$ cat model_16.cif   # mmCIF, C-alpha atoms; chains and numbers go by the auth columns
data_entry
#
loop_
_atom_site.group_PDB
_atom_site.id
_atom_site.type_symbol
_atom_site.label_atom_id
_atom_site.label_comp_id
_atom_site.label_asym_id
_atom_site.label_seq_id
_atom_site.Cartn_x
_atom_site.Cartn_y
_atom_site.Cartn_z
_atom_site.B_iso_or_equiv
_atom_site.auth_seq_id
_atom_site.auth_asym_id
ATOM 1 C CA MET A 1 0.000 0.000 0.000 0.00 13 A
ATOM 2 C CA ALA A 2 1.329 3.421 -0.933 0.00 14 A
ATOM 3 C CA GLN A 3 2.079 5.786 1.884 0.00 15 A
ATOM 4 C CA ARG A 4 0.107 9.002 1.770 0.00 16 A
ATOM 5 C CA ARG A 5 1.749 12.373 2.468 0.00 17 A
ATOM 6 C CA TRP A 6 0.015 14.633 4.936 0.00 18 A
ATOM 7 C CA VAL A 7 1.429 17.833 3.487 0.00 19 A
ATOM 8 C CA ASP A 8 2.120 18.524 -0.155 0.00 20 A
ATOM 9 C CA PRO A 9 5.708 19.776 -0.572 0.00 21 A
ATOM 10 C CA ASN A 10 4.491 22.657 -2.754 0.00 22 A
ATOM 11 C CA VAL A 11 2.075 23.804 -0.051 0.00 23 A
ATOM 12 C CA ALA A 12 4.791 23.542 2.603 0.00 24 A
ATOM 13 C CA ALA A 13 7.207 25.578 0.450 0.00 25 A
ATOM 14 C CA THR A 14 4.538 28.223 -0.189 0.00 26 A
ATOM 15 C CA VAL A 15 3.739 28.534 3.525 0.00 27 A
ATOM 16 C CA LEU A 16 7.441 28.789 4.344 0.00 28 A
ATOM 17 C CA ILE A 17 7.966 31.535 1.750 0.00 29 A
ATOM 18 C CA LEU A 18 4.912 33.440 3.024 0.00 30 A
ATOM 19 C CA LEU A 19 6.133 33.211 6.622 0.00 31 A
ATOM 20 C CA LEU A 20 9.575 34.405 5.556 0.00 32 A
ATOM 21 C CA GLY A 21 8.009 37.312 3.664 0.00 33 A
ATOM 22 C CA VAL A 22 5.837 38.306 6.627 0.00 34 A
ATOM 23 C CA THR A 23 8.885 38.155 8.888 0.00 35 A
ATOM 24 C CA VAL A 24 10.938 40.387 6.603 0.00 36 A
ATOM 25 C CA VAL A 25 8.113 42.909 6.142 0.00 37 A
ATOM 26 C CA SER A 26 7.400 43.056 9.869 0.00 38 A
ATOM 27 C CA TRP A 27 11.106 43.533 10.568 0.00 39 A
ATOM 28 C CA LEU A 28 11.292 46.393 8.061 0.00 40 A
ATOM 29 C CA LEU A 29 8.125 48.057 9.383 0.00 41 A
ATOM 30 C CA ALA A 30 8.921 47.515 13.068 0.00 42 A
ATOM 31 C CA ASP A 31 9.053 51.256 13.737 0.00 43 A
ATOM 32 C CA MET A 32 5.396 51.655 12.815 0.00 44 A
ATOM 33 C CA ALA A 33 4.100 48.891 15.104 0.00 45 A
ATOM 34 C CA PRO A 34 3.368 49.523 18.769 0.00 46 A
ATOM 35 C CA ARG A 35 6.390 48.435 20.749 0.00 47 A
ATOM 36 C CA LEU A 36 6.516 46.847 24.121 0.00 48 A
ATOM 37 C CA ASP A 37 8.447 48.933 26.538 0.00 49 A
ATOM 38 C CA GLU A 38 10.919 46.751 28.368 0.00 50 A
ATOM 39 C CA THR A 39 9.429 47.712 31.710 0.00 51 A
ATOM 40 C CA VAL A 40 6.265 46.586 33.416 0.00 52 A
ATOM 41 C CA GLU A 41 5.085 50.193 33.728 0.00 53 A
ATOM 42 C CA GLY A 42 5.528 50.787 29.998 0.00 54 A
ATOM 43 C CA THR A 43 3.614 47.629 29.179 0.00 55 A
ATOM 44 C CA VAL A 44 0.842 48.643 31.583 0.00 56 A
ATOM 45 C CA ALA A 45 0.587 51.995 29.785 0.00 57 A
ATOM 46 C CA LEU A 46 0.481 50.250 26.392 0.00 58 A
ATOM 47 C CA ILE A 47 -2.258 47.817 27.424 0.00 59 A
ATOM 48 C CA ARG A 48 -4.293 50.592 29.069 0.00 60 A
ATOM 49 C CA SER A 49 -3.995 52.695 25.899 0.00 61 A
ATOM 50 C CA TRP A 50 -6.038 50.038 24.086 0.00 62 A
ATOM 51 C CA GLY A 51 -8.976 50.675 26.417 0.00 63 A
ATOM 52 C CA SER A 52 -11.597 47.957 26.472 0.00 64 A
ATOM 53 C CA TRP A 53 -9.641 46.009 23.851 0.00 65 A
ATOM 54 C CA GLY A 54 -6.816 45.621 26.359 0.00 66 A
ATOM 55 C CA VAL A 55 -7.953 42.153 27.444 0.00 67 A
ATOM 56 C CA LEU A 56 -7.866 40.823 23.887 0.00 68 A
ATOM 57 C CA ALA A 57 -4.572 42.623 23.273 0.00 69 A
ATOM 58 C CA SER A 58 -3.052 41.002 26.375 0.00 70 A
ATOM 59 C CA ILE A 59 -4.231 37.592 25.216 0.00 71 A
ATOM 60 C CA GLY A 60 -2.844 38.371 21.766 0.00 72 A
ATOM 61 C CA LEU A 61 0.533 39.334 23.234 0.00 73 A
ATOM 62 C CA MET A 62 0.691 36.009 25.043 0.00 74 A
ATOM 63 C CA VAL A 63 -0.169 34.162 21.822 0.00 75 A
ATOM 64 C CA VAL A 64 2.503 36.102 19.929 0.00 76 A
ATOM 65 C CA HIS A 65 4.984 35.159 22.650 0.00 77 A
ATOM 66 C CA SER A 66 4.726 31.540 21.477 0.00 78 A
ATOM 67 C CA PHE A 67 6.290 32.557 18.167 0.00 79 A
ATOM 68 C CA VAL A 68 8.359 35.678 18.891 0.00 80 A
ATOM 69 C CA PRO A 69 10.837 35.646 21.757 0.00 81 A
ATOM 70 C CA PHE A 70 10.195 38.427 24.251 0.00 82 A
ATOM 71 C CA PRO A 71 9.844 38.190 28.028 0.00 83 A
ATOM 72 C CA ALA A 72 6.289 37.087 28.758 0.00 84 A
ATOM 73 C CA GLU A 73 6.808 37.817 32.445 0.00 85 A
ATOM 74 C CA ILE A 74 6.500 41.526 31.684 0.00 86 A
ATOM 75 C CA VAL A 75 3.074 40.989 30.104 0.00 87 A
ATOM 76 C CA ALA A 76 2.023 38.681 32.952 0.00 88 A
ATOM 77 C CA CYS A 77 3.022 41.245 35.595 0.00 89 A
ATOM 78 C CA ALA A 78 1.268 44.015 33.662 0.00 90 A
ATOM 79 C CA ASN A 79 -1.898 41.907 33.474 0.00 91 A
ATOM 80 C CA GLY A 80 -1.741 41.412 37.226 0.00 92 A
ATOM 81 C CA MET A 81 -1.289 45.132 37.824 0.00 93 A
ATOM 82 C CA ILE A 82 -4.185 46.083 35.546 0.00 94 A
ATOM 83 C CA TYR A 83 -6.736 43.317 36.102 0.00 95 A
ATOM 84 C CA GLY A 84 -5.775 42.158 39.596 0.00 96 A
ATOM 85 C CA PRO A 85 -4.142 38.903 40.662 0.00 97 A
ATOM 86 C CA TYR A 86 -7.020 36.621 39.662 0.00 98 A
ATOM 87 C CA GLY A 87 -8.123 38.366 36.480 0.00 99 A
ATOM 88 C CA GLY A 88 -4.532 38.866 35.366 0.00 100 A
ATOM 89 C CA THR A 89 -3.764 35.204 35.976 0.00 101 A
ATOM 90 C CA VAL A 90 -6.776 34.087 33.949 0.00 102 A
ATOM 91 C CA ILE A 91 -5.972 36.431 31.055 0.00 103 A
ATOM 92 C CA THR A 92 -2.312 35.369 31.024 0.00 104 A
ATOM 93 C CA TRP A 93 -3.195 31.685 31.251 0.00 105 A
ATOM 94 C CA VAL A 94 -5.784 31.861 28.448 0.00 106 A
ATOM 95 C CA GLY A 95 -3.306 33.643 26.174 0.00 107 A
ATOM 96 C CA ALA A 96 -0.528 31.183 26.983 0.00 108 A
ATOM 97 C CA MET A 97 -2.784 28.172 26.301 0.00 109 A
ATOM 98 C CA LEU A 98 -4.032 29.628 23.015 0.00 110 A
ATOM 99 C CA GLY A 99 -0.433 30.312 21.990 0.00 111 A
ATOM 100 C CA ALA A 100 0.617 26.792 22.930 0.00 112 A
ATOM 101 C CA ALA A 101 -2.297 25.317 20.982 0.00 113 A
ATOM 102 C CA ALA A 102 -1.435 27.459 17.940 0.00 114 A
ATOM 103 C CA ALA A 103 2.229 26.440 18.099 0.00 115 A
ATOM 104 C CA PHE A 104 1.269 22.785 18.474 0.00 116 A
ATOM 105 C CA GLY A 105 -1.149 23.009 15.545 0.00 117 A
ATOM 106 C CA LEU A 106 1.476 24.687 13.376 0.00 118 A
ATOM 107 C CA ALA A 107 4.019 22.025 14.302 0.00 119 A
ATOM 108 C CA ARG A 108 1.525 19.278 13.480 0.00 120 A
ATOM 109 C CA LEU A 109 0.826 20.882 10.104 0.00 121 A
#

$ encode --input "model_16.cif" --output "structure tokens"
Amino acid sequence: MAQRRWVDPNVAATVLILLLGVTVVSWLLADMAPRLDETVEGTVALIRSWGSWGVLASIGLMVVHSFVPFPAEIVACANGMIYGPYGGTVITWVGAMLGAAAAFGLARL
């Protein structure tokens, strides 16, 4: 019986080229994107600047942390300072689990 491939090599090459292109474009346009300050206070100010979207932004930052190396402890501490110890823990945990699931799914693909 012939063995079936899960991923077509052409699709894998296309995805790899697209990811490389997105990486290069984001690196070139990094000055336009909102940057995380390397302090907890700066991150608190950034998350608060998003207003009511701050919860989703915090979750998004934790998901992005699964793919881009930056200290997630800063985001976790900022979540605790903004949303309290329980709310901050839940928001951080949800974002970390979504990021882990996304990384696992990408690795499985």

$ closest_residue --input "model_16.cif" --among "A:Leu118, A:Pro81, A:Leu73, A:Glu53" --to "A:Thr104" --atoms "all atoms listed in the file"
A:Leu73

$ atom_distance --input "model_16.cif" --atom1 "atom CA of A:Ala112" --atom2 "atom CA of A:Val75"
7.5 Å

$ resolve_selection --input "model_16.cif" --expression "the PyMOL selection byres ((chain A and resi 82-89) around 8)" --output "list of chain:residue names"
A:Glu50, A:Thr51, A:Val52, A:Thr55, A:Ser70, A:Leu73, A:Met74, A:His77, A:Val80, A:Pro81, A:Ala90, A:Asn91, A:Gly92, A:Met93, A:Gly100, A:Thr101, A:Thr104

$ write_last_selection --input "model_16.cif" --atoms "C-alpha atoms" --output "compact mmCIF listing (two decimals), in the coordinates of the input"
# COMPACT_ATOMS: atom_id res chain seq x y z
CA GLU A 50 10.92 46.75 28.37
CA THR A 51 9.43 47.71 31.71
CA VAL A 52 6.26 46.59 33.42
CA THR A 55 3.61 47.63 29.18
CA SER A 70 -3.05 41.00 26.38
CA LEU A 73 0.53 39.33 23.23
CA MET A 74 0.69 36.01 25.04
CA HIS A 77 4.98 35.16 22.65
CA VAL A 80 8.36 35.68 18.89
CA PRO A 81 10.84 35.65 21.76
CA ALA A 90 1.27 44.02 33.66
CA ASN A 91 -1.90 41.91 33.47
CA GLY A 92 -1.74 41.41 37.23
CA MET A 93 -1.29 45.13 37.82
CA GLY A 100 -4.53 38.87 35.37
CA THR A 101 -3.76 35.20 35.98
CA THR A 104 -2.31 35.37 31.02

$ closest_residue --input "model_16.cif" --among "A:Phe79, A:Ser61, A:Leu68, A:Asn22" --to "A:Val106" --atoms "all atoms listed in the file"
A:Leu68

$ atom_distance --input "model_16.cif" --atom1 "atom CA of A:Ala57" --atom2 "atom CA of A:Ala69"
12.5 Å

$ atom_distance --input "model_16.cif" --atom1 "atom CA of A:Gly99" --atom2 "atom CA of A:Ser78"
20.9 Å

$ closest_residue --input "model_16.cif" --among "A:Val56, A:Ile94, A:Ala119, A:Met109" --to "A:Ala24" --atoms "all atoms listed in the file"
A:Ala119
